[in-house]
Amino acid sequence: MKIIVLAGGLCPERDVSLVSGAGICRTLLEKGHDAFLLDVFMGLPYEKDRLEEVFTLPDHGLHIADRIRTEAPDLTAVRASRPDQSASFLGPNVIELCRMADMTFLGLHGGEGENGKLQATFDLLGIRYTGPDSLGCAIAMDKGITKHIFQETGVSTPKGVCIHKNKNKKALPDLGLSLPVVVKPCSGGSSIGVYITHTQEEYDHALAASFEMEDEVVIEEYIKGREFACGILDGKALPPIEIIPKTGFFDYANKYQAGATEEICPADLSDEITRRMQALAVRAFHVLKLNVYSRADFLLDEEGRLYCLEVNTLPGMTEASLLPKEAKAAGMEYGDLCEWIIKKSMEERYAGERTGTL
């Protein structure tokens with residue numbers, strides 16, 4: 001198959017996405033596909049009448065993937081480095097190359113790549129892509145909407161509210177909450193901009209910092225407990241994985257720096273708690289209108305209560321990421337997982353269309 005692996009973009013998870021995309025691209029090349037790694041924002045300046053050559057270029061676009069740093073990228077600098085200085089989210093030749101491909105593998109994380117807008121655009125343009133549909137992505141990306149749906153459908157989640165920057169009532173008693181609380185952007189990812197606040201001063205600072213990132217933030221009760229993730233493939237839960245940061249919580253630096261976090265899969269849990277977590281993950285997957293695959297994040301408190309925090313519709317996909325580790329524990333190797341995602345996405349949306357062969 002001819003496959004464009006779309007990554008990068010213009011959001012705080014840009015670097016993470018490029019590394020995910022590089023891993024996906026390499027394993028698809030090993031599987032015999034004509035794969036090319038493309039930055040959705042930077043695009044690829046290339047002669048229009050020679051674009052077919054792109055799928056067989058020697059480096060397959062892999063030179064754009066670097067390491068993940070301890071801090072999120074400077075997006076102002078990224079924007080300034082784009083040669084054409086266009087305001088468009090889609091770089092040169094992105095649409096043309098994705099149209100030529102048998103499938104566009106979405107290696108994007110966060111921002112416009114995960115909030116449903118790109119998926120809706122591709123639907124309108126007839127471009128085939130991997131992962132959940134636009135509706136599910138839009139719902140799951142908004143933590144405020146997700147929390148409301150969870151509360152209405154019986155998916156256990158921390159008590160919390162979503163408030164707008166211009167809302168007058170921001171005092172915790174007015175919101176029905178008390179310290180300690182977690183403050184986080186409504187649509188962020190990779191734990192960027194997440195604050196655990198224990199004092200009024202910390203709370204005020206977290207609000208101000210979060211509102212610099214977005215106009216809406218989620219404020220929720222702080223749950224002290226163990227951190228887990230549970231992947232879902234086609235509505236079936238994978239073995240949960242426990243995440244044990246060596247310091248602090250599972251923030252941006254701990255997520256992506258080698259040796260900063262211990263990850264245990266399958267997680268050391270009783271059969272009863274494992275079944276409950278998997279059932280909650282599957283329920284969250286369905287109430288958020290998701291399909292193909294995703295990953296749910298959980299907390300388990302000292303009393304054995306489970307709380308679903310959110311569902312990631314395009315979770316990290318390096319070979320060392322959480323979802324691939326869970327899939328491997330279930331007997332599915334990384335390359336096979338990537339091909340399964342392509343095949344399942346084809347079945348969900350493009351059954352009967354003529355495409356390349358897996």
# chains A, B, ... in the order shown; residues from 1 in each chain; ligands from 1
call {"tool": "closest_atom_pairs", "arguments": {"of": "stretch 265-357 of chain A", "to": "stretch 143-151 of chain A", "cutoff": "8 Å", "atoms": "only C-alpha atoms", "output": "tab-separated table"}}
result
residue	atom	partner	partner_atom	distance
A:Ala284	CA	A:Phe150	CA	7.3
A:Val287	CA	A:Ile149	CA	7.3
A:Leu288	CA	A:Thr146	CA	7.3
A:Glu310	CA	A:Lys143	CA	6.9
call {"tool": "write_last_selection", "arguments": {"atoms": "N, CA, C and O atoms", "output": "JSON list (two decimals), in the first residue's frame"}}
result
[["chain", "number", "residue", "atom", "x", "y", "z"],
["A", 284, "ALA", "N", -16.53, 3.79, 28.30],
["A", 284, "ALA", "CA", -16.12, 5.15, 27.92],
["A", 284, "ALA", "C", -15.95, 5.25, 26.41],
["A", 284, "ALA", "O", -16.35, 6.24, 25.79],
["A", 287, "VAL", "N", -19.61, 5.41, 24.90],
["A", 287, "VAL", "CA", -20.42, 6.61, 25.18],
["A", 287, "VAL", "C", -19.84, 7.84, 24.50],
["A", 287, "VAL", "O", -20.56, 8.82, 24.25],
["A", 288, "LEU", "N", -18.54, 7.82, 24.19],
["A", 288, "LEU", "CA", -17.92, 8.94, 23.48],
["A", 288, "LEU", "C", -17.99, 8.78, 21.96],
["A", 288, "LEU", "O", -17.39, 9.56, 21.23],
["A", 310, "GLU", "N", -9.92, 10.45, 31.13],
["A", 310, "GLU", "CA", -10.17, 10.87, 29.75],
["A", 310, "GLU", "C", -9.89, 9.70, 28.82],
["A", 310, "GLU", "O", -9.38, 8.65, 29.24]]
call {"tool": "closest_residue", "arguments": {"among": "A:Leu314, A:Ile223, A:Cys308, A:Leu44", "to": "A:Gln119", "atoms": "only C-alpha atoms"}}
result
A:Leu314
call {"tool": "atom_distance", "arguments": {"atom1": "atom CA of A:Tyr334", "atom2": "atom CA of A:Arg226"}}
result
26.3 Å
call {"tool": "residues_around", "arguments": {"residues": "A:Lys289", "least_positions_apart": "3", "cutoff": "8 Å", "atoms": "only C-alpha atoms", "output": "list in words"}}
result
Leu135, Gly136, Ile139, Phe285 and His286 of chain A
call {"tool": "write_last_selection", "arguments": {"atoms": "N, CA, C and O atoms", "output": "mmCIF file, in the first residue's frame"}}
result
data_model
loop_
_atom_site.group_PDB
_atom_site.id
_atom_site.type_symbol
_atom_site.label_atom_id
_atom_site.label_comp_id
_atom_site.auth_asym_id
_atom_site.auth_seq_id
_atom_site.Cartn_x
_atom_site.Cartn_y
_atom_site.Cartn_z
ATOM 1 N N LEU A 135 -16.642 12.873 14.809
ATOM 2 C CA LEU A 135 -17.535 13.143 15.943
ATOM 3 C C LEU A 135 -16.919 12.663 17.250
ATOM 4 O O LEU A 135 -16.858 13.413 18.229
ATOM 5 N N GLY A 136 -16.448 11.415 17.269
ATOM 6 C CA GLY A 136 -15.849 10.883 18.483
ATOM 7 C C GLY A 136 -14.627 11.666 18.909
ATOM 8 O O GLY A 136 -14.418 11.934 20.098
ATOM 9 N N ILE A 139 -15.722 15.024 20.502
ATOM 10 C CA ILE A 139 -16.276 14.845 21.845
ATOM 11 C C ILE A 139 -15.171 14.539 22.855
ATOM 12 O O ILE A 139 -15.070 15.163 23.917
ATOM 13 N N PHE A 285 -15.354 4.239 25.814
ATOM 14 C CA PHE A 285 -15.148 4.179 24.360
ATOM 15 C C PHE A 285 -16.476 4.327 23.628
ATOM 16 O O PHE A 285 -16.592 5.083 22.652
ATOM 17 N N HIS A 286 -17.503 3.628 24.103
ATOM 18 C CA HIS A 286 -18.788 3.633 23.407
ATOM 19 C C HIS A 286 -19.580 4.917 23.665
ATOM 20 O O HIS A 286 -20.182 5.466 22.727
#
call {"tool": "atom_distance", "arguments": {"atom1": "atom CA of A:Cys230", "atom2": "atom CA of A:Gln278"}}
result
6.8 Å
call {"tool": "closest_residue", "arguments": {"among": "A:Cys11, A:Leu177, A:Leu106, A:Ala209", "to": "A:Tyr129", "atoms": "only C-alpha atoms"}}
result
A:Leu106
call {"tool": "select_by_dssp", "arguments": {"residues": "stretch 114-233 of chain A", "states": "strand (DSSP E or B)", "output": "list of chain:residue names"}}
result
A:Tyr129, A:Gly160, A:Val161, A:Cys162, A:Ile163, A:His164, A:Val181, A:Val182, A:Val183, A:Lys184, A:Pro185, A:Tyr195, A:Ile196, A:Thr197, A:Glu216, A:Val217, A:Val218, A:Ile219, A:Glu220, A:Glu221, A:Gly225, A:Arg226, A:Glu227, A:Phe228, A:Ala229, A:Cys230, A:Gly231, A:Ile232, A:Leu233
call {"tool": "residues_around", "arguments": {"residues": "A:Asn312", "least_positions_apart": "2", "cutoff": "8 Å", "atoms": "only C-alpha atoms", "output": "list in words"}}
result
Ala140, Met141, Ser294, Arg295, Ala296, Asp297, Glu310, Leu314 and Pro315 of chain A
call {"tool": "write_last_selection", "arguments": {"atoms": "C-alpha atoms", "output": "mmCIF file, in the first residue's frame"}}
result
data_model
loop_
_atom_site.group_PDB
_atom_site.id
_atom_site.type_symbol
_atom_site.label_atom_id
_atom_site.label_comp_id
_atom_site.auth_asym_id
_atom_site.auth_seq_id
_atom_site.Cartn_x
_atom_site.Cartn_y
_atom_site.Cartn_z
ATOM 1 C CA ALA A 140 -13.319 13.099 23.488
ATOM 2 C CA MET A 141 -10.917 15.997 22.956
ATOM 3 C CA SER A 294 -8.183 4.554 21.656
ATOM 4 C CA ARG A 295 -6.695 4.561 25.163
ATOM 5 C CA ALA A 296 -8.437 5.400 28.441
ATOM 6 C CA ASP A 297 -6.550 6.820 31.439
ATOM 7 C CA GLU A 310 -10.171 10.873 29.754
ATOM 8 C CA LEU A 314 -4.892 9.122 18.841
ATOM 9 C CA PRO A 315 -2.635 7.840 21.633
#
